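Structure file target.tsv; described as TSV, N, CA and C atoms.
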```tsv
chain	number	residue	atom	x	y	z
A	1	HIS	N	17.33	-0.34	3.66
A	1	HIS	CA	16.35	-1.14	4.34
A	1	HIS	C	16.59	-2.61	4.01
A	2	VAL	N	16.55	-3.45	5.04
A	2	VAL	CA	16.80	-4.87	4.88
A	2	VAL	C	15.60	-5.63	5.45
A	3	GLY	N	15.02	-6.49	4.65
A	3	GLY	CA	13.90	-7.31	5.10
A	3	GLY	C	14.40	-8.48	5.93
A	4	VAL	N	13.66	-8.81	6.97
A	4	VAL	CA	14.00	-9.94	7.84
A	4	VAL	C	12.81	-10.90	7.81
A	5	LEU	N	13.01	-12.04	7.18
A	5	LEU	CA	11.96	-13.05	7.06
A	5	LEU	C	12.34	-14.24	7.92
A	6	LEU	N	12.06	-14.11	9.21
A	6	LEU	CA	12.40	-15.14	10.20
A	6	LEU	C	11.26	-15.28	11.19
A	7	PRO	N	11.15	-16.45	11.82
A	7	PRO	CA	10.15	-16.58	12.89
A	7	PRO	C	10.61	-15.81	14.12
A	8	THR	N	9.73	-15.64	15.05
A	8	THR	CA	10.07	-14.87	16.25
A	8	THR	C	10.85	-15.77	17.22
A	9	VAL	N	12.12	-15.93	16.92
A	9	VAL	CA	13.04	-16.71	17.75
A	9	VAL	C	14.29	-15.87	17.97
A	10	ASN	N	15.26	-16.42	18.69
A	10	ASN	CA	16.48	-15.68	19.00
A	10	ASN	C	17.20	-15.17	17.76
A	11	ALA	N	17.19	-15.95	16.69
A	11	ALA	CA	17.88	-15.53	15.46
A	11	ALA	C	17.30	-14.23	14.92
A	12	ALA	N	16.01	-14.05	15.04
A	12	ALA	CA	15.38	-12.81	14.56
A	12	ALA	C	15.83	-11.62	15.40
A	13	ALA	N	15.89	-11.81	16.70
A	13	ALA	CA	16.32	-10.72	17.59
A	13	ALA	C	17.78	-10.36	17.35
A	14	VAL	N	18.63	-11.36	17.19
A	14	VAL	CA	20.05	-11.11	16.94
A	14	VAL	C	20.23	-10.41	15.59
A	15	THR	N	19.50	-10.86	14.58
A	15	THR	CA	19.57	-10.25	13.25
A	15	THR	C	19.11	-8.81	13.30
A	16	PHE	N	18.03	-8.55	14.02
A	16	PHE	CA	17.48	-7.20	14.16
A	16	PHE	C	18.52	-6.26	14.77
A	17	VAL	N	19.12	-6.68	15.87
A	17	VAL	CA	20.12	-5.85	16.57
A	17	VAL	C	21.37	-5.68	15.70
A	18	ALA	N	21.81	-6.75	15.05
A	18	ALA	CA	23.00	-6.67	14.21
A	18	ALA	C	22.80	-5.68	13.07
A	19	LEU	N	21.62	-5.68	12.47
A	19	LEU	CA	21.33	-4.73	11.40
A	19	LEU	C	21.36	-3.29	11.92
A	20	GLN	N	20.79	-3.06	13.08
A	20	GLN	CA	20.80	-1.73	13.65
A	20	GLN	C	22.22	-1.27	13.97
A	21	MET	N	23.05	-2.19	14.41
A	21	MET	CA	24.43	-1.84	14.71
A	21	MET	C	25.21	-1.49	13.44
A	22	GLN	N	24.75	-1.96	12.30
A	22	GLN	CA	25.36	-1.66	11.01
A	22	GLN	C	24.70	-0.45	10.33
A	23	ASN	N	23.88	0.27	11.10
A	23	ASN	CA	23.14	1.43	10.59
A	23	ASN	C	22.22	1.08	9.43
A	24	LYS	N	21.65	-0.11	9.47
A	24	LYS	CA	20.65	-0.55	8.50
A	24	LYS	C	19.28	-0.47	9.16
A	25	VAL	N	18.25	-0.37	8.36
A	25	VAL	CA	16.89	-0.34	8.87
A	25	VAL	C	16.28	-1.73	8.69
A	26	PRO	N	16.08	-2.50	9.78
A	26	PRO	CA	15.48	-3.82	9.66
A	26	PRO	C	13.96	-3.69	9.46
A	27	CYS	N	13.47	-4.39	8.47
A	27	CYS	CA	12.03	-4.41	8.18
A	27	CYS	C	11.53	-5.83	8.43
A	28	MET	N	10.83	-6.01	9.51
A	28	MET	CA	10.35	-7.33	9.87
A	28	MET	C	9.20	-7.72	8.94
A	29	LEU	N	9.36	-8.85	8.25
A	29	LEU	CA	8.35	-9.33	7.31
A	29	LEU	C	7.56	-10.47	7.94
A	30	ASN	N	6.26	-10.38	7.89
A	30	ASN	CA	5.38	-11.39	8.47
A	30	ASN	C	5.18	-12.50	7.45
A	31	PHE	N	5.81	-13.65	7.70
A	31	PHE	CA	5.77	-14.75	6.74
A	31	PHE	C	4.36	-15.30	6.52
A	32	SER	N	3.46	-15.05	7.44
A	32	SER	CA	2.09	-15.56	7.28
A	32	SER	C	1.21	-14.62	6.46
A	33	ALA	N	1.76	-13.51	5.99
A	33	ALA	CA	0.98	-12.52	5.25
A	33	ALA	C	0.67	-12.94	3.82
A	34	GLY	N	1.44	-13.88	3.29
A	34	GLY	CA	1.21	-14.33	1.92
A	34	GLY	C	2.16	-13.65	0.95
A	35	GLU	N	2.34	-14.30	-0.19
A	35	GLU	CA	3.33	-13.85	-1.18
A	35	GLU	C	3.10	-12.43	-1.67
A	36	SER	N	1.88	-12.12	-2.09
A	36	SER	CA	1.62	-10.79	-2.65
A	36	SER	C	1.79	-9.69	-1.61
A	37	ASN	N	1.38	-9.93	-0.38
A	37	ASN	CA	1.54	-8.94	0.68
A	37	ASN	C	3.00	-8.75	1.06
A	38	LEU	N	3.78	-9.82	1.04
A	38	LEU	CA	5.21	-9.69	1.33
A	38	LEU	C	5.91	-8.88	0.25
A	39	LEU	N	5.57	-9.14	-1.00
A	39	LEU	CA	6.17	-8.38	-2.10
A	39	LEU	C	5.78	-6.91	-2.01
A	40	HIS	N	4.53	-6.66	-1.67
A	40	HIS	CA	4.07	-5.28	-1.52
A	40	HIS	C	4.79	-4.59	-0.36
A	41	ALA	N	4.96	-5.29	0.75
A	41	ALA	CA	5.65	-4.73	1.91
A	41	ALA	C	7.10	-4.39	1.56
A	42	CYS	N	7.75	-5.27	0.81
A	42	CYS	CA	9.14	-5.00	0.39
A	42	CYS	C	9.21	-3.78	-0.51
A	43	ARG	N	8.25	-3.65	-1.39
A	43	ARG	CA	8.24	-2.51	-2.30
A	43	ARG	C	8.00	-1.21	-1.54
A	44	ILE	N	7.03	-1.21	-0.64
A	44	ILE	CA	6.70	0.00	0.14
A	44	ILE	C	7.87	0.41	1.03
A	45	ALA	N	8.56	-0.57	1.62
A	45	ALA	CA	9.66	-0.28	2.53
A	45	ALA	C	10.99	-0.09	1.80
A	46	THR	N	10.97	-0.14	0.50
A	46	THR	CA	12.17	-0.03	-0.35
A	46	THR	C	13.26	-1.01	0.08
A	47	VAL	N	12.85	-2.24	0.33
A	47	VAL	CA	13.78	-3.30	0.70
A	47	VAL	C	14.52	-3.76	-0.54
A	48	LYS	N	15.84	-3.88	-0.42
A	48	LYS	CA	16.65	-4.38	-1.52
A	48	LYS	C	17.16	-5.79	-1.22
A	49	THR	N	17.31	-6.10	0.07
A	49	THR	CA	17.86	-7.38	0.50
A	49	THR	C	16.94	-7.97	1.57
A	50	VAL	N	16.76	-9.30	1.51
A	50	VAL	CA	15.96	-10.00	2.51
A	50	VAL	C	16.84	-11.07	3.15
A	51	LEU	N	16.90	-11.05	4.47
A	51	LEU	CA	17.63	-12.07	5.23
A	51	LEU	C	16.64	-13.12	5.72
A	52	THR	N	16.99	-14.38	5.56
A	52	THR	CA	16.13	-15.46	6.00
A	52	THR	C	17.00	-16.67	6.33
A	53	SER	N	16.35	-17.79	6.60
A	53	SER	CA	17.05	-19.01	6.97
A	53	SER	C	16.53	-20.17	6.12
A	54	ARG	N	17.45	-20.96	5.58
A	54	ARG	CA	17.04	-22.11	4.76
A	54	ARG	C	16.18	-23.09	5.55
A	55	SER	N	16.60	-23.38	6.79
A	55	SER	CA	15.84	-24.35	7.58
A	55	SER	C	14.44	-23.83	7.89
A	56	PHE	N	14.32	-22.53	8.15
A	56	PHE	CA	13.00	-21.95	8.40
A	56	PHE	C	12.12	-22.04	7.15
A	57	ILE	N	12.69	-21.70	5.99
A	57	ILE	CA	11.93	-21.74	4.75
A	57	ILE	C	11.44	-23.15	4.46
A	58	GLU	N	12.29	-24.15	4.69
A	58	GLU	CA	11.91	-25.54	4.46
A	58	GLU	C	10.80	-25.97	5.43
A	59	LYS	N	10.97	-25.67	6.71
A	59	LYS	CA	9.99	-26.09	7.71
A	59	LYS	C	8.65	-25.41	7.51
A	60	ALA	N	8.67	-24.13	7.12
A	60	ALA	CA	7.42	-23.38	6.93
A	60	ALA	C	6.85	-23.55	5.53
A	61	LYS	N	7.57	-24.29	4.67
A	61	LYS	CA	7.13	-24.54	3.29
A	61	LYS	C	6.89	-23.23	2.54
A	62	LEU	N	7.89	-22.36	2.59
A	62	LEU	CA	7.80	-21.05	1.95
A	62	LEU	C	8.70	-20.94	0.72
A	63	GLU	N	9.05	-22.07	0.12
A	63	GLU	CA	9.95	-22.05	-1.03
A	63	GLU	C	9.42	-21.20	-2.17
A	64	SER	N	8.13	-21.31	-2.45
A	64	SER	CA	7.55	-20.53	-3.56
A	64	SER	C	7.54	-19.04	-3.24
A	65	VAL	N	7.34	-18.69	-1.98
A	65	VAL	CA	7.34	-17.29	-1.57
A	65	VAL	C	8.73	-16.70	-1.74
A	66	VAL	N	9.75	-17.43	-1.30
A	66	VAL	CA	11.12	-16.94	-1.42
A	66	VAL	C	11.54	-16.88	-2.89
A	67	ALA	N	11.06	-17.81	-3.69
A	67	ALA	CA	11.36	-17.76	-5.13
A	67	ALA	C	10.80	-16.48	-5.75
A	68	ALA	N	9.59	-16.10	-5.36
A	68	ALA	CA	8.98	-14.87	-5.87
A	68	ALA	C	9.73	-13.64	-5.36
A	69	ILE	N	10.12	-13.66	-4.10
A	69	ILE	CA	10.87	-12.53	-3.53
A	69	ILE	C	12.22	-12.39	-4.23
A	70	SER	N	12.87	-13.52	-4.50
A	70	SER	CA	14.21	-13.46	-5.08
A	70	SER	C	14.22	-12.95	-6.51
A	71	GLU	N	13.08	-12.90	-7.17
A	71	GLU	CA	13.00	-12.32	-8.51
A	71	GLU	C	13.21	-10.81	-8.49
A	72	GLN	N	12.85	-10.18	-7.37
A	72	GLN	CA	12.92	-8.72	-7.28
A	72	GLN	C	13.93	-8.22	-6.24
A	73	HIS	N	14.34	-9.10	-5.33
A	73	HIS	CA	15.20	-8.69	-4.22
A	73	HIS	C	16.30	-9.73	-4.03
A	74	LYS	N	17.40	-9.29	-3.45
A	74	LYS	CA	18.47	-10.21	-3.13
A	74	LYS	C	18.10	-10.94	-1.84
A	75	VAL	N	18.19	-12.27	-1.86
A	75	VAL	CA	17.88	-13.08	-0.68
A	75	VAL	C	19.19	-13.67	-0.16
A	76	ILE	N	19.45	-13.42	1.12
A	76	ILE	CA	20.64	-13.95	1.77
A	76	ILE	C	20.20	-14.88	2.90
A	77	TYR	N	20.77	-16.07	2.91
A	77	TYR	CA	20.45	-17.04	3.95
A	77	TYR	C	21.46	-16.93	5.08
A	78	LEU	N	20.99	-16.88	6.32
A	78	LEU	CA	21.87	-16.71	7.46
A	78	LEU	C	22.88	-17.85	7.56
A	79	GLU	N	22.52	-19.04	7.10
A	79	GLU	CA	23.44	-20.17	7.15
A	79	GLU	C	24.66	-19.94	6.25
A	80	ASP	N	24.52	-19.08	5.25
A	80	ASP	CA	25.62	-18.82	4.32
A	80	ASP	C	26.57	-17.73	4.80
A	81	ILE	N	26.19	-17.02	5.85
A	81	ILE	CA	27.02	-15.91	6.34
A	81	ILE	C	28.08	-16.44	7.29
```
For this file, write the structure as structure tokens.
Amino acid sequence: HVGVLLPTVNAAAVTFVALQMQNKVPCMLNFSAGESNLLHACRIATVKTVLTSRSFIEKAKLESVVAAISEQHKVIYLEDI
């Protein structure tokens, strides 16, 4: 299972389809749910990796949320792929 922490834009749709083509289960994470709910969702869905975007995190001011997620899960930024 792979978490997808992106806004509802083309990048999210492309990421979703790409994960399915790789036989991965995409778990869409609602960035507005808050840090504790995102961590809980990742735990329940057995997410090991979260895909996101640096520019999205900066614009949405989610640096602290991603820092908390990265303590328990691997975070990969789409810009780095």
For a test of reading the model, state the distance in Å between CA of Ala18 in chain A and CA of Lys59 in chain A, rounded to one decimal.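 Computing the Euclidean distance for CA of Ala18 in chain A and CA of Lys59 in chain A yields 24.3 Å.
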Which residue is closest to Ile69 in chain A? Choose from A:Ile57, A:Val9, A:Leu39, A:Ile44 and count only N, CA and C atoms.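 Of all the options, A:Leu39 lies closest to Ile69 in chain A.
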Quick one: everything within 7 Å of Lys48 in chain A, counting only N, CA and C atoms, minus sequence neighbours fewer than 2 positions away in the same chain. Send it as a count of residues only. 11
From range 12-44 of chain A, collect each residue whose DSSP state is alpha helix (DSSP H) and return the set as a CSV table (one decimal) with N, CA and C atoms, in the coordinates of the input.
```
chain,number,residue,atom,x,y,z
A,12,ALA,N,16.0,-14.0,15.0
A,12,ALA,CA,15.4,-12.8,14.6
A,12,ALA,C,15.8,-11.6,15.4
A,13,ALA,N,15.9,-11.8,16.7
A,13,ALA,CA,16.3,-10.7,17.6
A,13,ALA,C,17.8,-10.4,17.4
A,14,VAL,N,18.6,-11.4,17.2
A,14,VAL,CA,20.0,-11.1,16.9
A,14,VAL,C,20.2,-10.4,15.6
A,15,THR,N,19.5,-10.9,14.6
A,15,THR,CA,19.6,-10.2,13.2
A,15,THR,C,19.1,-8.8,13.3
A,16,PHE,N,18.0,-8.6,14.0
A,16,PHE,CA,17.5,-7.2,14.2
A,16,PHE,C,18.5,-6.3,14.8
A,17,VAL,N,19.1,-6.7,15.9
A,17,VAL,CA,20.1,-5.8,16.6
A,17,VAL,C,21.4,-5.7,15.7
A,18,ALA,N,21.8,-6.8,15.0
A,18,ALA,CA,23.0,-6.7,14.2
A,18,ALA,C,22.8,-5.7,13.1
A,19,LEU,N,21.6,-5.7,12.5
A,19,LEU,CA,21.3,-4.7,11.4
A,19,LEU,C,21.4,-3.3,11.9
A,20,GLN,N,20.8,-3.1,13.1
A,20,GLN,CA,20.8,-1.7,13.6
A,20,GLN,C,22.2,-1.3,14.0
A,21,MET,N,23.0,-2.2,14.4
A,21,MET,CA,24.4,-1.8,14.7
A,21,MET,C,25.2,-1.5,13.4
A,35,GLU,N,2.3,-14.3,-0.2
A,35,GLU,CA,3.3,-13.8,-1.2
A,35,GLU,C,3.1,-12.4,-1.7
A,36,SER,N,1.9,-12.1,-2.1
A,36,SER,CA,1.6,-10.8,-2.6
A,36,SER,C,1.8,-9.7,-1.6
A,37,ASN,N,1.4,-9.9,-0.4
A,37,ASN,CA,1.5,-8.9,0.7
A,37,ASN,C,3.0,-8.8,1.1
A,38,LEU,N,3.8,-9.8,1.0
A,38,LEU,CA,5.2,-9.7,1.3
A,38,LEU,C,5.9,-8.9,0.2
A,39,LEU,N,5.6,-9.1,-1.0
A,39,LEU,CA,6.2,-8.4,-2.1
A,39,LEU,C,5.8,-6.9,-2.0
A,40,HIS,N,4.5,-6.7,-1.7
A,40,HIS,CA,4.1,-5.3,-1.5
A,40,HIS,C,4.8,-4.6,-0.4
A,41,ALA,N,5.0,-5.3,0.8
A,41,ALA,CA,5.6,-4.7,1.9
A,41,ALA,C,7.1,-4.4,1.6
A,42,CYS,N,7.8,-5.3,0.8
A,42,CYS,CA,9.1,-5.0,0.4
A,42,CYS,C,9.2,-3.8,-0.5
A,43,ARG,N,8.2,-3.6,-1.4
A,43,ARG,CA,8.2,-2.5,-2.3
A,43,ARG,C,8.0,-1.2,-1.5
A,44,ILE,N,7.0,-1.2,-0.6
A,44,ILE,CA,6.7,0.0,0.1
A,44,ILE,C,7.9,0.4,1.0
```
List the residues sitting within 8 Å of (13.5, -3.3, 9.4) in the file's frame, using all atoms listed in the file, as JSON, numbers by chain. {"A": [1, 2, 3, 4, 16, 24, 25, 26, 27, 28, 29]}
Take the residues from that selection and write them out as a PDB file, keeping the file's coordinate frame, keeping N, CA and C atoms.
```
ATOM      1  N   HIS A   1      17.330  -0.340   3.660  1.00  0.00           N
ATOM      2  CA  HIS A   1      16.350  -1.140   4.340  1.00  0.00           C
ATOM      3  C   HIS A   1      16.590  -2.610   4.010  1.00  0.00           C
ATOM      4  N   VAL A   2      16.550  -3.450   5.040  1.00  0.00           N
ATOM      5  CA  VAL A   2      16.800  -4.870   4.880  1.00  0.00           C
ATOM      6  C   VAL A   2      15.600  -5.630   5.450  1.00  0.00           C
ATOM      7  N   GLY A   3      15.020  -6.490   4.650  1.00  0.00           N
ATOM      8  CA  GLY A   3      13.900  -7.310   5.100  1.00  0.00           C
ATOM      9  C   GLY A   3      14.400  -8.480   5.930  1.00  0.00           C
ATOM     10  N   VAL A   4      13.660  -8.810   6.970  1.00  0.00           N
ATOM     11  CA  VAL A   4      14.000  -9.940   7.840  1.00  0.00           C
ATOM     12  C   VAL A   4      12.810 -10.900   7.810  1.00  0.00           C
ATOM     13  N   PHE A  16      18.030  -8.550  14.020  1.00  0.00           N
ATOM     14  CA  PHE A  16      17.480  -7.200  14.160  1.00  0.00           C
ATOM     15  C   PHE A  16      18.520  -6.260  14.770  1.00  0.00           C
ATOM     16  N   LYS A  24      21.650  -0.110   9.470  1.00  0.00           N
ATOM     17  CA  LYS A  24      20.650  -0.550   8.500  1.00  0.00           C
ATOM     18  C   LYS A  24      19.280  -0.470   9.160  1.00  0.00           C
ATOM     19  N   VAL A  25      18.250  -0.370   8.360  1.00  0.00           N
ATOM     20  CA  VAL A  25      16.890  -0.340   8.870  1.00  0.00           C
ATOM     21  C   VAL A  25      16.280  -1.730   8.690  1.00  0.00           C
ATOM     22  N   PRO A  26      16.080  -2.500   9.780  1.00  0.00           N
ATOM     23  CA  PRO A  26      15.480  -3.820   9.660  1.00  0.00           C
ATOM     24  C   PRO A  26      13.960  -3.690   9.460  1.00  0.00           C
ATOM     25  N   CYS A  27      13.470  -4.390   8.470  1.00  0.00           N
ATOM     26  CA  CYS A  27      12.030  -4.410   8.180  1.00  0.00           C
ATOM     27  C   CYS A  27      11.530  -5.830   8.430  1.00  0.00           C
ATOM     28  N   MET A  28      10.830  -6.010   9.510  1.00  0.00           N
ATOM     29  CA  MET A  28      10.350  -7.330   9.870  1.00  0.00           C
ATOM     30  C   MET A  28       9.200  -7.720   8.940  1.00  0.00           C
ATOM     31  N   LEU A  29       9.360  -8.850   8.250  1.00  0.00           N
ATOM     32  CA  LEU A  29       8.350  -9.330   7.310  1.00  0.00           C
ATOM     33  C   LEU A  29       7.560 -10.470   7.940  1.00  0.00           C
TER      34      LEU A  29
END
```
Report, in Å to a single decimal, how far apart CA of Gln20 in chain A and CA of Leu38 in chain A are. 21.4 Å
8 Å contact set for Glu35 in chain A, all atoms listed in the file, chain neighbours under 3 positions out, as an MDAnalysis selection string: chainID A and resid 31:32 38:41 64:66 68:69
Between atom N of Ala12 in chain A and atom C of Ser70 in chain A, what is the distance in Å, rounded to a tenth? 21.7 Å
Can you tell me, as a PyMOL selection string, which residues in range 44-81 of chain A count as strand (DSSP E) by DSSP? chain A and resi 49-52+74-77
Coordinates of box centre and edge lengths for range 17-25 of chain A, 3 Å on every side, axis-aligned, as lines of an AutoDock Vina configuration file:
```
center_x = 20.8
center_y = -2.7
center_z = 12.5
size_x = 15.1
size_y = 14.2
size_z = 14.2
```
